[in-house]
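Everything below belongs to query.cif, which stores mmCIF, C-alpha atoms and all ligand atoms.
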data_data
#
loop_
_atom_site.group_PDB
_atom_site.id
_atom_site.type_symbol
_atom_site.label_atom_id
_atom_site.label_comp_id
_atom_site.auth_asym_id
_atom_site.auth_seq_id
_atom_site.Cartn_x
_atom_site.Cartn_y
_atom_site.Cartn_z
ATOM 1 C CA MET D 1 -104.289 -159.280 120.786
ATOM 2 C CA ASN D 2 -100.898 -160.430 121.936
ATOM 3 C CA THR D 3 -101.130 -160.575 125.692
ATOM 4 C CA HIS D 4 -99.573 -163.355 127.729
ATOM 5 C CA GLU D 5 -102.958 -164.903 128.313
ATOM 6 C CA SER D 6 -105.065 -164.778 125.173
ATOM 7 C CA GLY D 7 -108.327 -164.445 127.043
ATOM 8 C CA ARG D 8 -109.598 -167.492 125.202
ATOM 9 C CA SER D 9 -108.882 -169.838 128.083
ATOM 10 C CA GLY D 10 -111.584 -170.706 130.509
ATOM 11 C CA HIS D 11 -113.029 -173.308 132.789
ATOM 12 C CA ASP D 12 -114.381 -176.608 131.605
ATOM 13 C CA LYS D 13 -117.966 -176.181 130.416
ATOM 14 C CA GLY D 14 -117.803 -179.392 128.384
ATOM 15 C CA PRO D 15 -116.939 -179.958 124.743
ATOM 16 C CA PRO D 16 -116.209 -178.562 122.275
ATOM 17 C CA TYR D 17 -112.810 -177.629 123.639
ATOM 18 C CA ARG D 18 -110.589 -175.177 121.781
ATOM 19 C CA GLY D 19 -106.891 -174.703 121.421
ATOM 20 C CA GLY D 20 -104.272 -173.385 119.088
ATOM 21 C CA CYS D 21 -100.626 -172.674 118.393
ATOM 22 C CA LEU D 22 -98.499 -169.994 120.024
ATOM 23 C CA CYS D 23 -98.829 -167.414 117.239
ATOM 24 C CA GLY D 24 -102.558 -167.989 116.783
ATOM 25 C CA ALA D 25 -102.450 -168.980 113.097
ATOM 26 C CA VAL D 26 -103.618 -172.542 113.740
ATOM 27 C CA ARG D 27 -106.731 -173.204 115.792
ATOM 28 C CA TYR D 28 -108.546 -176.430 116.507
ATOM 29 C CA GLU D 29 -111.552 -177.879 118.249
ATOM 30 C CA VAL D 30 -112.022 -181.127 120.174
ATOM 31 C CA GLY D 31 -115.662 -182.193 120.103
ATOM 32 C CA THR D 32 -115.594 -184.810 122.828
ATOM 33 C CA VAL D 33 -114.636 -185.320 126.454
ATOM 34 C CA ILE D 34 -110.892 -185.524 127.074
ATOM 35 C CA ASP D 35 -110.508 -188.414 129.507
ATOM 36 C CA ARG D 36 -106.940 -189.631 128.951
ATOM 37 C CA ALA D 37 -103.484 -188.173 128.518
ATOM 38 C CA SER D 38 -100.110 -189.730 127.781
ATOM 39 C CA HIS D 39 -96.869 -188.178 128.927
ATOM 40 C CA CYS D 40 -94.373 -189.454 126.338
ATOM 41 C CA HIS D 41 -90.702 -189.502 127.253
ATOM 42 C CA CYS D 42 -89.357 -190.898 123.975
ATOM 43 C CA SER D 43 -86.322 -189.143 122.533
ATOM 44 C CA MET D 44 -88.273 -187.934 119.483
ATOM 45 C CA CYS D 45 -91.017 -186.273 121.552
ATOM 46 C CA ARG D 46 -88.353 -184.696 123.765
ATOM 47 C CA LYS D 47 -86.661 -183.198 120.706
ATOM 48 C CA ALA D 48 -89.895 -182.179 118.971
ATOM 49 C CA HIS D 49 -91.137 -180.368 122.081
ATOM 50 C CA GLY D 50 -87.784 -179.261 123.517
ATOM 51 C CA ALA D 51 -88.987 -180.533 126.871
ATOM 52 C CA ALA D 52 -88.628 -183.351 129.399
ATOM 53 C CA PHE D 53 -91.665 -185.040 127.874
ATOM 54 C CA ALA D 54 -94.639 -184.361 125.602
ATOM 55 C CA THR D 55 -98.237 -184.606 126.794
ATOM 56 C CA TYR D 56 -100.982 -185.741 124.453
ATOM 57 C CA ALA D 57 -104.726 -186.119 124.803
ATOM 58 C CA THR D 58 -105.890 -189.098 122.784
ATOM 59 C CA VAL D 59 -109.208 -188.379 121.062
ATOM 60 C CA PRO D 60 -111.154 -190.114 118.273
ATOM 61 C CA ALA D 61 -110.105 -188.596 114.931
ATOM 62 C CA GLU D 62 -113.697 -187.682 114.027
ATOM 63 C CA HIS D 63 -113.813 -185.388 117.070
ATOM 64 C CA PHE D 64 -110.711 -183.386 116.146
ATOM 65 C CA ARG D 65 -111.070 -180.504 113.700
ATOM 66 C CA ILE D 66 -108.696 -177.780 112.515
ATOM 67 C CA THR D 67 -110.912 -174.681 112.548
ATOM 68 C CA GLN D 68 -108.381 -172.128 111.309
ATOM 69 C CA GLY D 69 -104.972 -172.060 109.623
ATOM 70 C CA ALA D 70 -104.882 -175.533 108.090
ATOM 71 C CA ASP D 71 -102.584 -174.050 105.423
ATOM 72 C CA SER D 72 -100.099 -173.098 108.154
ATOM 73 C CA LEU D 73 -99.817 -176.685 109.383
ATOM 74 C CA ARG D 74 -96.784 -178.658 108.316
ATOM 75 C CA SER D 75 -96.107 -182.307 109.034
ATOM 76 C CA TYR D 76 -93.057 -184.389 109.718
ATOM 77 C CA VAL D 77 -92.809 -188.174 109.647
ATOM 78 C CA SER D 78 -90.507 -188.699 112.621
ATOM 79 C CA SER D 79 -90.451 -192.497 112.324
ATOM 80 C CA PRO D 80 -92.219 -194.936 109.994
ATOM 81 C CA GLY D 81 -95.991 -194.570 110.433
ATOM 82 C CA ASN D 82 -95.742 -191.682 112.909
ATOM 83 C CA THR D 83 -96.635 -188.173 111.725
ATOM 84 C CA ARG D 84 -96.287 -184.960 113.730
ATOM 85 C CA THR D 85 -97.984 -181.712 112.745
ATOM 86 C CA PHE D 86 -96.867 -178.245 113.812
ATOM 87 C CA CYS D 87 -97.413 -174.585 112.958
ATOM 88 C CA MET D 88 -94.983 -173.445 110.250
ATOM 89 C CA HIS D 89 -94.791 -169.938 111.776
ATOM 90 C CA CYS D 90 -94.247 -170.518 115.496
ATOM 91 C CA GLY D 91 -93.348 -174.216 115.652
ATOM 92 C CA SER D 92 -96.030 -175.270 118.141
ATOM 93 C CA PRO D 93 -96.569 -179.022 117.889
ATOM 94 C CA ILE D 94 -100.287 -179.713 117.386
ATOM 95 C CA THR D 95 -100.856 -183.426 116.762
ATOM 96 C CA TRP D 96 -99.179 -186.795 116.647
ATOM 97 C CA VAL D 97 -100.816 -189.571 114.625
ATOM 98 C CA SER D 98 -99.565 -193.142 114.550
ATOM 99 C CA GLU D 99 -100.432 -196.173 112.504
ATOM 100 C CA HIS D 100 -99.256 -198.222 115.502
ATOM 101 C CA ALA D 101 -101.317 -196.523 118.256
ATOM 102 C CA PRO D 102 -103.260 -198.796 120.629
ATOM 103 C CA ASP D 103 -106.368 -196.723 119.872
ATOM 104 C CA GLN D 104 -106.780 -196.934 116.092
ATOM 105 C CA GLY D 105 -108.552 -193.993 114.450
ATOM 106 C CA SER D 106 -107.342 -191.671 117.179
ATOM 107 C CA VAL D 107 -105.412 -188.415 117.138
ATOM 108 C CA ASP D 108 -103.020 -187.392 119.884
ATOM 109 C CA VAL D 109 -103.498 -183.675 120.479
ATOM 110 C CA THR D 110 -100.756 -181.755 122.300
ATOM 111 C CA LEU D 111 -102.455 -181.006 125.601
ATOM 112 C CA GLY D 112 -100.262 -177.953 126.231
ATOM 113 C CA THR D 113 -101.905 -176.148 123.292
ATOM 114 C CA LEU D 114 -105.417 -176.656 124.707
ATOM 115 C CA GLU D 115 -106.852 -173.438 126.132
ATOM 116 C CA THR D 116 -109.708 -174.866 128.192
ATOM 117 C CA ALA D 117 -108.815 -175.802 131.787
ATOM 118 C CA VAL D 118 -109.891 -179.450 131.573
ATOM 119 C CA GLN D 119 -109.395 -182.169 134.178
ATOM 120 C CA VAL D 120 -108.004 -185.409 132.736
ATOM 121 C CA PRO D 121 -108.816 -188.422 134.943
ATOM 122 C CA GLN D 122 -106.578 -191.015 133.280
ATOM 123 C CA GLN D 123 -102.909 -190.190 132.770
ATOM 124 C CA TRP D 124 -99.767 -192.243 132.403
ATOM 125 C CA HIS D 125 -96.125 -192.054 131.387
ATOM 126 C CA ILE D 126 -94.917 -193.924 128.310
ATOM 127 C CA PHE D 127 -91.473 -194.645 126.827
ATOM 128 C CA VAL D 128 -89.946 -194.038 130.245
ATOM 129 C CA ALA D 129 -87.043 -196.290 129.216
ATOM 130 C CA SER D 130 -85.964 -193.330 127.024
ATOM 131 C CA LYS D 131 -86.609 -190.571 129.528
ATOM 132 C CA ALA D 132 -84.189 -187.733 130.182
ATOM 133 C CA PRO D 133 -81.766 -188.759 132.962
ATOM 134 C CA TRP D 134 -82.196 -185.352 134.645
ATOM 135 C CA TYR D 135 -85.957 -185.700 135.064
ATOM 136 C CA VAL D 136 -87.471 -187.663 137.970
ATOM 137 C CA ILE D 137 -91.045 -188.951 137.603
ATOM 138 C CA ASP D 138 -92.583 -188.753 141.077
ATOM 139 C CA ASP D 139 -96.301 -188.204 140.476
ATOM 140 C CA GLY D 140 -97.370 -191.813 141.138
ATOM 141 C CA LEU D 141 -98.997 -192.242 137.708
ATOM 142 C CA PRO D 142 -98.642 -195.573 135.854
ATOM 143 C CA GLN D 143 -95.464 -195.929 133.790
ATOM 144 C CA TRP D 144 -94.528 -198.137 130.860
ATOM 145 C CA PRO D 145 -91.041 -198.605 129.414
ATOM 146 C CA GLN D 146 -92.383 -198.232 125.866
ATOM 147 C CA ARG D 147 -95.856 -197.713 124.394
ATOM 148 C CA ARG D 148 -98.939 -198.395 126.454
ATOM 149 C CA PRO D 149 -99.902 -202.051 126.131
ATOM 150 C CA ARG D 150 -103.200 -202.628 124.320
ATOM 151 C CA GLY D 151 -106.216 -203.042 126.569
ATOM 152 C CA THR D 152 -104.665 -201.424 129.637
ATOM 153 C CA ALA D 153 -107.166 -198.577 129.766
ATOM 154 C CA ARG D 154 -110.645 -197.808 128.541
ATOM 155 C CA PRO D 155 -112.715 -194.682 129.080
ATOM 156 C CA GLY D 156 -114.602 -194.791 132.341
ATOM 157 C CA THR D 157 -113.088 -198.002 133.668
ATOM 158 C CA GLY D 158 -110.534 -196.320 135.872
ATOM 159 C CA GLU D 159 -107.890 -198.668 134.523
ATOM 160 C CA PRO D 160 -105.027 -199.070 134.875
ATOM 161 C CA SER D 161 -105.160 -199.514 138.622
HETATM 162 ZN ZN ZN D 201 -98.375 -170.697 115.126
HETATM 163 ZN ZN ZN D 202 -92.954 -189.886 122.160
#

Serialized structure, structure tokens:
Amino acid sequence: MNTHESGRSGHDKGPPYRGGCLCGAVRYEVGTVIDRASHCHCSMCRKAHGAAFATYATVPAEHFRITQGADSLRSYVSSPGNTRTFCMHCGSPITWVSEHAPDQGSVDVTLGTLETAVQVPQQWHIFVASKAPWYVIDDGLPQWPQRRPRGTARPGTGEPS
């Protein structure tokens, strides 16, 4: 099947959520609620995604599982302690894992590769000091010049205000 819409997408019936790369070789599962997303404007994410910014859902590592095509995943250490994974066939970025993340033991999953139509209540922009000059952020979400400061958000708290 190679239609524009794979037919795998659907509405949010709760976890597990499924996603995968563009060519379909790599597939994954998220076994928990996705309640937060970071829109990262750093120059490395912009290059890695070829886009104005990269959007990640931060989930506990134990709830992220590659279900197919682990041998097609390649990784790239884009800066010390920060590893990106992507499909070796189609180039879709799949995860970003950092030793410096505010949420230790978490995996940042590229939200654009998720196929379930989830709602994500907490979202924010990070590394906006490095954002593309031609992109204007006008969605009213919280912004930080660099990484999100520790303790600024927790699931269910509604923070940051
Ligand atoms: Zn692929
Ligand atoms: Zn980034």

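Ranking D:Ala70, D:Ala54, D:Cys45, D:Val59 by their shortest atom-to-atom distance to D:Ala25, with all atoms listed in the file included, puts D:Ala70 first.
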
Non-local contacts of D:Cys90 (9 Å; all atoms listed in the file; under 6 positions in same chain excluded) as a short mmCIF file (atom, residue, chain, number, x, y, z; two decimals) with C-alpha atoms, in the frame of the given file:
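Saved the output as out_19.cif:
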data_model
loop_
_atom_site.label_atom_id
_atom_site.label_comp_id
_atom_site.auth_asym_id
_atom_site.auth_seq_id
_atom_site.Cartn_x
_atom_site.Cartn_y
_atom_site.Cartn_z
CA CYS D 21 -100.63 -172.67 118.39
CA LEU D 22 -98.50 -169.99 120.02
CA CYS D 23 -98.83 -167.41 117.24
CA GLY D 24 -102.56 -167.99 116.78
CA ALA D 25 -102.45 -168.98 113.10
#

Given the file above and the PyMOL selection byres (((not hetatm)) within 12 of (chain D and resi 201)), which residues are selected, and can you give them as a PDB file with C-alpha atoms, in the frame of the given file?
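This went into result-v8.pdb:
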ATOM      1  CA  GLY D  19    -106.891-174.703 121.421  1.00  0.00           C
ATOM      2  CA  GLY D  20    -104.272-173.385 119.088  1.00  0.00           C
ATOM      3  CA  CYS D  21    -100.626-172.674 118.393  1.00  0.00           C
ATOM      4  CA  LEU D  22     -98.499-169.994 120.024  1.00  0.00           C
ATOM      5  CA  CYS D  23     -98.829-167.414 117.239  1.00  0.00           C
ATOM      6  CA  GLY D  24    -102.558-167.989 116.783  1.00  0.00           C
ATOM      7  CA  ALA D  25    -102.450-168.980 113.097  1.00  0.00           C
ATOM      8  CA  VAL D  26    -103.618-172.542 113.740  1.00  0.00           C
ATOM      9  CA  ARG D  27    -106.731-173.204 115.792  1.00  0.00           C
ATOM     10  CA  TYR D  28    -108.546-176.430 116.507  1.00  0.00           C
ATOM     11  CA  GLN D  68    -108.381-172.128 111.309  1.00  0.00           C
ATOM     12  CA  GLY D  69    -104.972-172.060 109.623  1.00  0.00           C
ATOM     13  CA  ALA D  70    -104.882-175.533 108.090  1.00  0.00           C
ATOM     14  CA  ASP D  71    -102.584-174.050 105.423  1.00  0.00           C
ATOM     15  CA  SER D  72    -100.099-173.098 108.154  1.00  0.00           C
ATOM     16  CA  LEU D  73     -99.817-176.685 109.383  1.00  0.00           C
ATOM     17  CA  ARG D  74     -96.784-178.658 108.316  1.00  0.00           C
ATOM     18  CA  THR D  85     -97.984-181.712 112.745  1.00  0.00           C
ATOM     19  CA  PHE D  86     -96.867-178.245 113.812  1.00  0.00           C
ATOM     20  CA  CYS D  87     -97.413-174.585 112.958  1.00  0.00           C
ATOM     21  CA  MET D  88     -94.983-173.445 110.250  1.00  0.00           C
ATOM     22  CA  HIS D  89     -94.791-169.938 111.776  1.00  0.00           C
ATOM     23  CA  CYS D  90     -94.247-170.518 115.496  1.00  0.00           C
ATOM     24  CA  GLY D  91     -93.348-174.216 115.652  1.00  0.00           C
ATOM     25  CA  SER D  92     -96.030-175.270 118.141  1.00  0.00           C
ATOM     26  CA  PRO D  93     -96.569-179.022 117.889  1.00  0.00           C
ATOM     27  CA  ILE D  94    -100.287-179.713 117.386  1.00  0.00           C
ATOM     28  CA  THR D 113    -101.905-176.148 123.292  1.00  0.00           C
TER      29      THR D 113
END

Quiz item: Which residue out of D:Trp124, D:Ala51, D:Ser130, D:Arg18 has the minimum interatomic distance to D:Thr152 when all atoms listed in the file are used?
Solution: D:Trp124

Quiz item: What do you get, as a PyMOL selection string, if you spell out every residue that the PyMOL selection byres (((chain D and resi 32) around 9) and not hetatm) selects here?
Solution: chain D and resi 14-17+30-31+33-34+59-60+63-64

List every residue of chain D that has an atom at most 9 Å from any atom of ligand ZN 202 (chain D), and for each one report the closest atom pair and its distance in Å to one decimal, counting only C-alpha atoms and all ligand atoms, with rows sorted by chain and then by increasing residue number, as CSV.
residue,atom,partner,partner_atom,distance
D:His39,CA,D:ZN202,ZN,8.0
D:Cys40,CA,D:ZN202,ZN,4.4
D:His41,CA,D:ZN202,ZN,5.6
D:Cys42,CA,D:ZN202,ZN,4.2
D:Ser43,CA,D:ZN202,ZN,6.7
D:Met44,CA,D:ZN202,ZN,5.7
D:Cys45,CA,D:ZN202,ZN,4.1
D:Arg46,CA,D:ZN202,ZN,7.1
D:Ala48,CA,D:ZN202,ZN,8.9
D:Phe53,CA,D:ZN202,ZN,7.6
D:Ala54,CA,D:ZN202,ZN,6.7
D:Thr55,CA,D:ZN202,ZN,8.8
D:Trp96,CA,D:ZN202,ZN,8.9
D:Ile126,CA,D:ZN202,ZN,7.6
D:Phe127,CA,D:ZN202,ZN,6.8
D:Arg147,CA,D:ZN202,ZN,8.6

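Each of D:Val109, D:Pro142, D:Gly151, D:Thr95 was checked against D:Ser75 using only C-alpha atoms; the smallest atom-to-atom distance is that of D:Thr95.
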
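The interatomic distance for the pair atom CA of D:Gln122 and atom CA of D:Ala57 works out to 10.0 Å.
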
Practice problem: Name the residues within 12 Å of (-100.9, -193.8, 136.4), counting only C-alpha atoms in the file's coordinates, and put them as a PyMOL selection string. | Solution: chain D and resi 36-39+120-126+137-144+148+152-153+158-161

Quiz item: For the file shown, what are the residues hit by the PyMOL selection byres (((chain D and resi 100) around 12) and not hetatm), laid out as a PyMOL selection string?
Solution: chain D and resi 79-83+96-99+101-107+147-150

Give the centre and edge lengths of an axis-aligned box, in Å to one decimal, that holds all listed atoms of stretch 93-98 of chain D with 3 Å on each side, as lines of an AutoDock Vina configuration file.
center_x = -98.7
center_y = -186.1
center_z = 116.2
size_x = 10.3
size_y = 20.1
size_z = 9.3

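Atom to atom, atom CA of D:Thr58 and atom CA of D:Gln146 stand 16.6 Å apart.
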
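One distance worth recording is that between atom CA of D:Leu111 and atom CA of D:Tyr135, which is 19.6 Å.
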
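Distances to D:Pro133 were evaluated for D:Lys13, D:Arg84, D:Thr110, D:Ala52 using only C-alpha atoms, and the minimum falls at D:Ala52.
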
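Each of D:Ala61, D:Asp12, D:Glu29, D:Ser78 was compared to D:Asp108 using only C-alpha atoms, and D:Ala61 turns out to be the nearest.
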